Every structure is written in C-alpha cells, then in structure tokens.
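Visitor: Sharing a structure here in structure tokens format.
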Amino acid sequence: MITAKQITIAKAVLFAASLLPFARLVLFTFTDRLGANPIEFITRNTGDWTLYFLCLTLSVTPLRKLTGMHWLIRLRRMLGLFAFFYATLHFTTFLWFDHFFDIDEMLKDVVKRPFITVGFTAFVLLIPLAVTSANGMVKRLGGKRWQWLHRLVYLIAPLGILHFWWMKAGKNDFAQPILFGSIVAALLLVRLWWNVIQPRLERRRMSPAPGCGLREQRLERK
Amino acid sequence: MLIKRNANGLDIPFPSEITPRHVFEARRSFIQQLALGSIAAAAPNLLLREAFAQNGSKLPAKQNTAFVVMDKPTSYKDATSYNNFYEFGTEKDDPVRAAGSLRTRPWTVAIEGEVRKPMTLDIDSLLKLAPPEERIYRLRCVEGWSMVIPWIGYSFSEIIKRVEPTGNAKYVEFITLADRKQMPGLRSPVLEWPYVEGLRLDEASHPLTLLTLGMYGEVLPNQNGAPVRIVVPWKYGFKSAKSIVKIRFVKDQPKTAWNISAPQEYGFYSNVNPEVDHPRWSQATERRIGEDGFLTRKRKTLMFNGYSEVASLYTGMDLKKFY
C-alpha cells in the first residue's frame, strides 16, 4: 500500500519535474540560447509540452488498469493542470508575440485559419476542465456530471493533434504529428475497447444470442 | 598597396568594415535587458558567441552601393544557424549541424538546355567569370521571418550573356545537388529530390538576381548553400535554390519542388506580397530575426520585399492568381 506521505512526496516530485520545461525556457531566454527565432522556439516548445502532458494525463487510467497501481489516479489532476499551464503559455505567446495583444486581429486569425481555429477551440475547452478541477467542484457538480464534463478531454486531445498536424501539413513534415497522433489514438482506442466493446462482448457471452432468439420468434409470427 | 577609389574619391570599404562585427553580433540585447543585472547569465552567452566566429575563407568583393539596403544586417550567427535547407533536415538548426558532410570542391555546374553555348563551369571558373560584388539584400522567408544578408556574387545575367539562350528559352531551372551520401535529409520524403527551382527568363535576367558565391566577406558556409546558389531578393526565400549543380534553360515553366509538394500554398512566382496570404498565416507582417518580437510588433512586409523596381516584370498580371 502507498501511504499518504508517499503520495505527498510523489506529488511534490511530479510538480517540480513538470516545471522543468518551463524553467528551461526561462533559463534559455535569459542566456540567449533560444536560437535565432526565440519566439518560434517558445511557441513550439510550449505546444509540444501541452501535447506531452495531455498524453500523460490520458495514460493514467490505462496504466492503472494494466499495473494495478491505483494511486496513480491521485496524480492525474496535476498532470491535467500542467497541460493547461503549457497550453496557456502557448496561447499567450500567440497573443503577445504574434498579435501584440490586439484581440480583434487575434480573433480574425482564429476564424480565418483552420489550424488556429482548432487549436484555439482545444484551448477554450480546456478552461472549464481546469476551473472544475478542485475536489469541491466534483461535489458541487455531482460525480456523474463532473465526469461527463471531463470527458471533453477525449475531444480536446484529438483537436490538439489536428492543430499540430495542419501546422506541419504545408511542409509535408508528418513524422512528429504521426507519433503524437498514434499515441493519442492508442490511448483513446484502449478506452473504447475497455468501456464499450469489451462489455458488449461480455454481455453477449453471458446470455447467448438473445437478439437472434427474438428475431426468430418474430419471423415465426409472420 | 593599391587603394582603389571610386568616382567620389572615397575609399571603398572592405565588407567586414561596413558594419562592425561587434555591432551586428550584439543582437538580442533586449533579451539580456530583461535580465538586467544578471551578469552571471550573460557569461555563457559570450562563450557561445565564440563558437560562431567567422572562420571561412575570405572572399574579397567590392560593395555595389546600388544594391545595398539600409536595414541593419542580421548577425552572422543567426544567418548561419537558422536555415531552411531540407537536404540536411527539416529543423532550422539541422543544416548548421549536418551540412559539414557537404563536399564543395571539386564542384561543377552544368549549364544546358536551350542555349547556343552550353558549358560546364567549375567553381574556380565561376569565381573568375565576373568581378564579385557585395550586395546587402533583404531576405523574406515564406514562413514570416526575415533577415538582411551581405551576399557576394554577381548578376546572373553575366551567365546568361555567356551561354546565349536561344529563342526557345523562356524559363531557367536551377537544380540542387541530391547526393544521399552527403545529404542526410534526402532520406526523408518531404520533397521530391533533387530540389528544383525556377524563374522566368526575364526574372532571371533582372540585375537583382544574384549568382551567389559568398556572404559576410567569406565563401558561402555549407548550410547557406555552398558553393554556389541563386538569390532572388523579391521572392520568398525558397525560390533561391542552394548548392546548384545544374542550370537548364527551358521552354516550359519548370515543375518546382515546393509547388509540386503543396501547389495551393507555394506558387511558381512566390513574389513577396503582403496582400496574398499563405493559407495558414498572413503575409502582411514579418519578424526580423534578431530584432522584432518580444518588445516590438512585427514589421510590415513590403510589396516585392521593397524591391519595387521589379514591378514592371509583372505588368498586367493578377498577382493574386499567379501567387
């Protein structure tokens, strides 16, 4: 069994580790190591880390099922919040360095360019999840409703991949989007298998072919 | 020592004297200003800069003041470490790391097709063909960033004169080396290899079109398209083919690499045009490398990248259609 103290330590370690990419960006900024186009570096880097944290968040449940390490669930909220943290940095670089806080211009860009539309949608959808991440919110919303809301992540992650895919599309450079896409696809498909397909197969095995019997009866009546 | 003087009796400066190196290498001081008082943080930066000191062979050239923009040149470090050269990888820092494997000597350029005098020139003949000039050009990448580079070369029209195109020659095709042994990026299918670019003959004949052999007072670094490339400053950067091994004068519009790969995004002409957006971003503004971004807005992109003298090449053409 994992003790409460061990969980606290795990959380502290995870928190520090999750801040490392941010610390690296800050260090590189102040030591002029972001290369010739620092803004592009920051934009790409924060985008990458958003996707990494989305993947990590989505891998908690499969990992729990496969390893039986159920305490992992207690780290999931932090992973999700870090995905939101890096997404916020990513969006801020776009708003600041690309549009210099000109909201009108920014929104025009969002509407006009599909890859930005998709990325922006994913970011906006993350906001309610971040806002309702506290324990109190689970109680206030009710577990069922809270769970349904947080299933938005199944939409957010593919939108994030699509955003990345379209960004790379013009340059025909799909190696990374394919990698991220496969990981997210695997994480979602395994849920589809466990939560939808497998239970149905189970039910069919428990009560052999009930549907067929009914249809036969109906046919007989005709 | 012979000191050459121009008509005004002024000394013509060596390229390295035009903008002192410490000035154009002291870029992005604005970032350090954010770290004001953090001397410790600045120290590794000084060390890093040493690694990017110029160390190529010198290529003496007189500056041609008719082709010098007043913008501040980009630092040598930025211009040689942030490159699109897919033969060496798709990331901007791939070419500087991987292009060491390119052998630039011996090197020949075959000039053929619809010409009366086809010829194959080695790099020494190219260097001697016409007196090299230094020209400071703006470079606008289709991705929305720009630089200012002191190139060395001569007008491509010097070549055209010598090979004597026939009446059938309507376009010029520039073909880049494609050698898997020297170019690791060729393993990736991002583009059709070899890289082919092209110009209409009148564009290729324009005095701005520069057959380029050097930059910053030196021969071209490998990652910038050594030993010989073309520079067409009023078009997006990808139109300026690097490491050229073949130049063909042809009748029909060449099938160019980026146009084959994504025709809706990269047209044959690809003139710098703030009014024609790329499907995924606006081309109205650009980020000057080393200057714009953190504390300043991006700057406005100029029609034909500011080279309005080429406008007459496109009279009567709908540049939204022929993007």
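Every chain in the structure tokens takes a letter, A first, then B, and so on in the order presented; its residues are numbered from 1, and the ligands are numbered from 1 following the presented order.
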Give me the residues near Thr57 of chain A as a PDB file with C-alpha atoms, in the first residue's frame, where near means some atom within 9 Å (using only C-alpha atoms) and where sequence neighbours in that chain fewer than 3 positions away do not count.

Guide:
ATOM      1  CA  TYR A  52       3.101  15.673 -23.797  1.00  0.00           C
ATOM      2  CA  PHE A  53       1.021  16.491 -20.723  1.00  0.00           C
ATOM      3  CA  LEU A  54      -2.245  15.663 -22.496  1.00  0.00           C
ATOM      4  CA  VAL A  60      -3.052   7.409 -16.189  1.00  0.00           C
ATOM      5  CA  THR A  61      -6.192   5.259 -16.459  1.00  0.00           C
ATOM      6  CA  LEU A  75      -1.501  12.420  -9.740  1.00  0.00           C
ATOM      7  CA  ARG A  76      -3.824  12.876 -12.704  1.00  0.00           C
ATOM      8  CA  ARG A  77      -5.235  16.267 -11.779  1.00  0.00           C
ATOM      9  CA  MET A  78      -1.751  17.760 -11.579  1.00  0.00           C
ATOM     10  CA  LEU A  79      -0.836  16.379 -14.998  1.00  0.00           C
ATOM     11  CA  GLY A  80      -4.012  17.817 -16.460  1.00  0.00           C
ATOM     12  CA  ALA A  83      -1.318  20.542 -19.763  1.00  0.00           C
TER      13      ALA A  83
END

Visitor: Output as number ranges by chain the set of chain A residues within 6 Å of chain B, with distances taken over only C-alpha atoms.

Guide: A: 30-31, 36, 97, 113, 172-173

Visitor: Would you mind listing what lies within 12 Å of Gln147 of chain A as a list in words, with only C-alpha atoms counted and same-chain residues fewer than 3 positions away left out?

Guide: Leu129, Thr132, Ser133, Met137, Val138, Lys139, Leu141, Gly142, Gly143, Lys144, His150, Arg151, Leu152, Val153 and Tyr154 of chain A

Visitor: Find the residues around Gly198 of chain B up to 6 Å (only C-alpha atoms counted), leave out those fewer than 6 positions away in its own chain, and share them as a short mmCIF file (atom, residue, chain, number, x, y, z; two decimals) with C-alpha atoms, in the first residue's frame.

Guide:
data_model
loop_
_atom_site.label_atom_id
_atom_site.label_comp_id
_atom_site.auth_asym_id
_atom_site.auth_seq_id
_atom_site.Cartn_x
_atom_site.Cartn_y
_atom_site.Cartn_z
CA VAL B 172 15.52 28.93 -66.20
CA GLU B 173 15.62 25.90 -63.95
CA PHE B 174 18.04 25.64 -61.01
CA PRO B 254 9.62 24.25 -64.58
#

Visitor: Within 9 Å of Thr301 of chain B, counting only C-alpha atoms, which residues qualify if same-chain residues fewer than 4 places away don't, as a list in words?

Guide: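 Non-adjacent residues within range: Arg140, Gly144, Val272, Asn273, Pro274, Gln283, Ala284, Thr285, Glu286, Asn305 and Gly306 of chain B.
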
Visitor: Could you pull the residues within 6 Å of segment 97-108 of chain B, counting only C-alpha atoms, minus those fewer than 2 positions along the same chain, as a PyMOL selection string?

Guide: chain B and resi 88+94-95+121-123+182+222-223+227

Visitor: Only C-alpha atoms, please: the residues just picked out, written as a PDB file, in the first residue's frame.

Guide:
ATOM      1  CA  PHE B  88      20.147  18.445 -44.291  1.00  0.00           C
ATOM      2  CA  ASP B  94      19.726  20.839 -38.705  1.00  0.00           C
ATOM      3  CA  PRO B  95      21.722  22.420 -41.581  1.00  0.00           C
ATOM      4  CA  LEU B 121      31.944  25.504 -65.144  1.00  0.00           C
ATOM      5  CA  ASP B 122      33.915  24.526 -62.085  1.00  0.00           C
ATOM      6  CA  ILE B 123      33.796  26.665 -59.005  1.00  0.00           C
ATOM      7  CA  GLN B 182      26.433  13.949 -48.355  1.00  0.00           C
ATOM      8  CA  ASN B 222      27.732  24.907 -46.389  1.00  0.00           C
ATOM      9  CA  GLN B 223      24.430  25.419 -44.580  1.00  0.00           C
ATOM     10  CA  PRO B 227      29.469  26.669 -53.022  1.00  0.00           C
TER      11      PRO B 227
END

Visitor: Can you pull out every residue within 9 Å of Ala122 of chain A, counting only C-alpha atoms, but drop anything in the same chain fewer than 4 positions away, and send it as a PyMOL selection string?

Guide: chain A and resi 117-118+126+153+155-160+163

Visitor: Please produce a file of the residues just selected, as a JSON list (two decimals), in the first residue's frame, where the atoms kept are C-alpha atoms.

Guide:
[["chain", "number", "residue", "atom", "x", "y", "z"],
["A", 117, "THR", "CA", -9.43, 27.64, -35.07],
["A", 118, "VAL", "CA", -8.84, 24.08, -33.97],
["A", 126, "LEU", "CA", -9.57, 23.12, -21.50],
["A", 153, "VAL", "CA", -10.57, 15.69, -22.93],
["A", 155, "LEU", "CA", -12.25, 15.77, -27.85],
["A", 156, "ILE", "CA", -9.50, 18.17, -26.75],
["A", 157, "ALA", "CA", -6.62, 15.76, -27.34],
["A", 158, "PRO", "CA", -7.59, 14.93, -30.96],
["A", 159, "LEU", "CA", -8.15, 18.65, -31.63],
["A", 160, "GLY", "CA", -4.64, 19.32, -30.34],
["A", 163, "HIS", "CA", -3.83, 21.56, -34.81]]

Visitor: Can you measure atom CA of Pro177 of chain A to atom CA of Leu162 of chain A for me? One decimal in Å is fine.

Guide: 8.3 Å

Visitor: Give me, as a PyMOL selection string, the residues of segment 4-132 of chain A that a backbone DSSP run labels alpha helix (DSSP H).

Guide: chain A and resi 4-30+38-67+73-93+103-112+114-131

Visitor: For the atom pair atom CA of Phe304 of chain B and atom CA of Asp252 of chain B, what is the interatomic distance in Å to one decimal place?

Guide: 24.1 Å

Visitor: Rounded to one decimal place, report the atom CA of Gly119 of chain A-atom CA of Phe164 of chain A distance in Å.

Guide: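 Interatomic distance here is 8.1 Å.
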
Visitor: Can you pull out every residue from segment 66-206 of chain B that DSSP, working from the backbone, puts in strand (DSSP E), and format the result as JSON, numbers by chain?

Guide: {"B": [66, 67, 68, 108, 109, 110, 111, 112, 113, 119, 120, 121, 122, 133, 134, 135, 136, 137, 138, 139, 140, 145, 146, 147, 148, 149, 150, 151, 152, 153, 154, 155, 171, 172, 173, 174, 175, 176, 196, 197, 198, 199, 200]}

Visitor: For the selection just defined, write its residues with C-alpha atoms to a file, as a tab-separated table (two decimals), in the first residue's frame.

Guide:
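File produced: selection.tsv:
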chain	number	residue	atom	x	y	z
B	66	ALA	CA	23.36	50.41	-55.93
B	67	PHE	CA	22.28	47.16	-54.28
B	68	VAL	CA	22.59	47.94	-50.59
B	108	THR	CA	30.86	21.84	-61.30
B	109	VAL	CA	27.74	23.49	-62.59
B	110	ALA	CA	26.38	22.26	-65.91
B	111	ILE	CA	24.56	24.93	-67.88
B	112	GLU	CA	22.49	23.43	-70.67
B	113	GLY	CA	19.18	23.29	-72.49
B	119	MET	CA	29.05	24.88	-70.69
B	120	THR	CA	30.18	23.16	-67.52
B	121	LEU	CA	31.94	25.50	-65.14
B	122	ASP	CA	33.92	24.53	-62.08
B	133	GLU	CA	30.27	42.33	-55.64
B	134	GLU	CA	28.94	42.64	-52.15
B	135	ARG	CA	25.23	43.42	-52.04
B	136	ILE	CA	23.11	43.77	-48.94
B	137	TYR	CA	19.68	42.27	-49.60
B	138	ARG	CA	16.60	41.70	-47.53
B	139	LEU	CA	15.61	38.04	-47.30
B	140	ARG	CA	11.95	37.26	-46.62
B	145	TRP	CA	10.54	35.86	-40.79
B	146	SER	CA	13.20	37.94	-42.47
B	147	MET	CA	16.91	38.69	-42.39
B	148	VAL	CA	19.29	41.14	-44.02
B	149	ILE	CA	22.32	39.49	-45.60
B	150	PRO	CA	25.50	40.84	-47.17
B	151	TRP	CA	25.83	38.45	-50.11
B	152	ILE	CA	28.78	38.22	-52.52
B	153	GLY	CA	28.32	37.38	-56.19
B	154	TYR	CA	27.38	38.92	-59.49
B	155	SER	CA	24.22	39.32	-61.54
B	171	TYR	CA	12.44	29.82	-68.21
B	172	VAL	CA	15.52	28.93	-66.20
B	173	GLU	CA	15.62	25.90	-63.95
B	174	PHE	CA	18.04	25.64	-61.01
B	175	ILE	CA	18.79	22.14	-59.77
B	176	THR	CA	20.33	21.44	-56.38
B	196	VAL	CA	14.29	22.24	-58.39
B	197	GLU	CA	13.53	25.93	-58.55
B	198	GLY	CA	12.87	28.16	-61.49
B	199	LEU	CA	12.43	31.68	-62.80
B	200	ARG	CA	11.03	33.20	-65.92
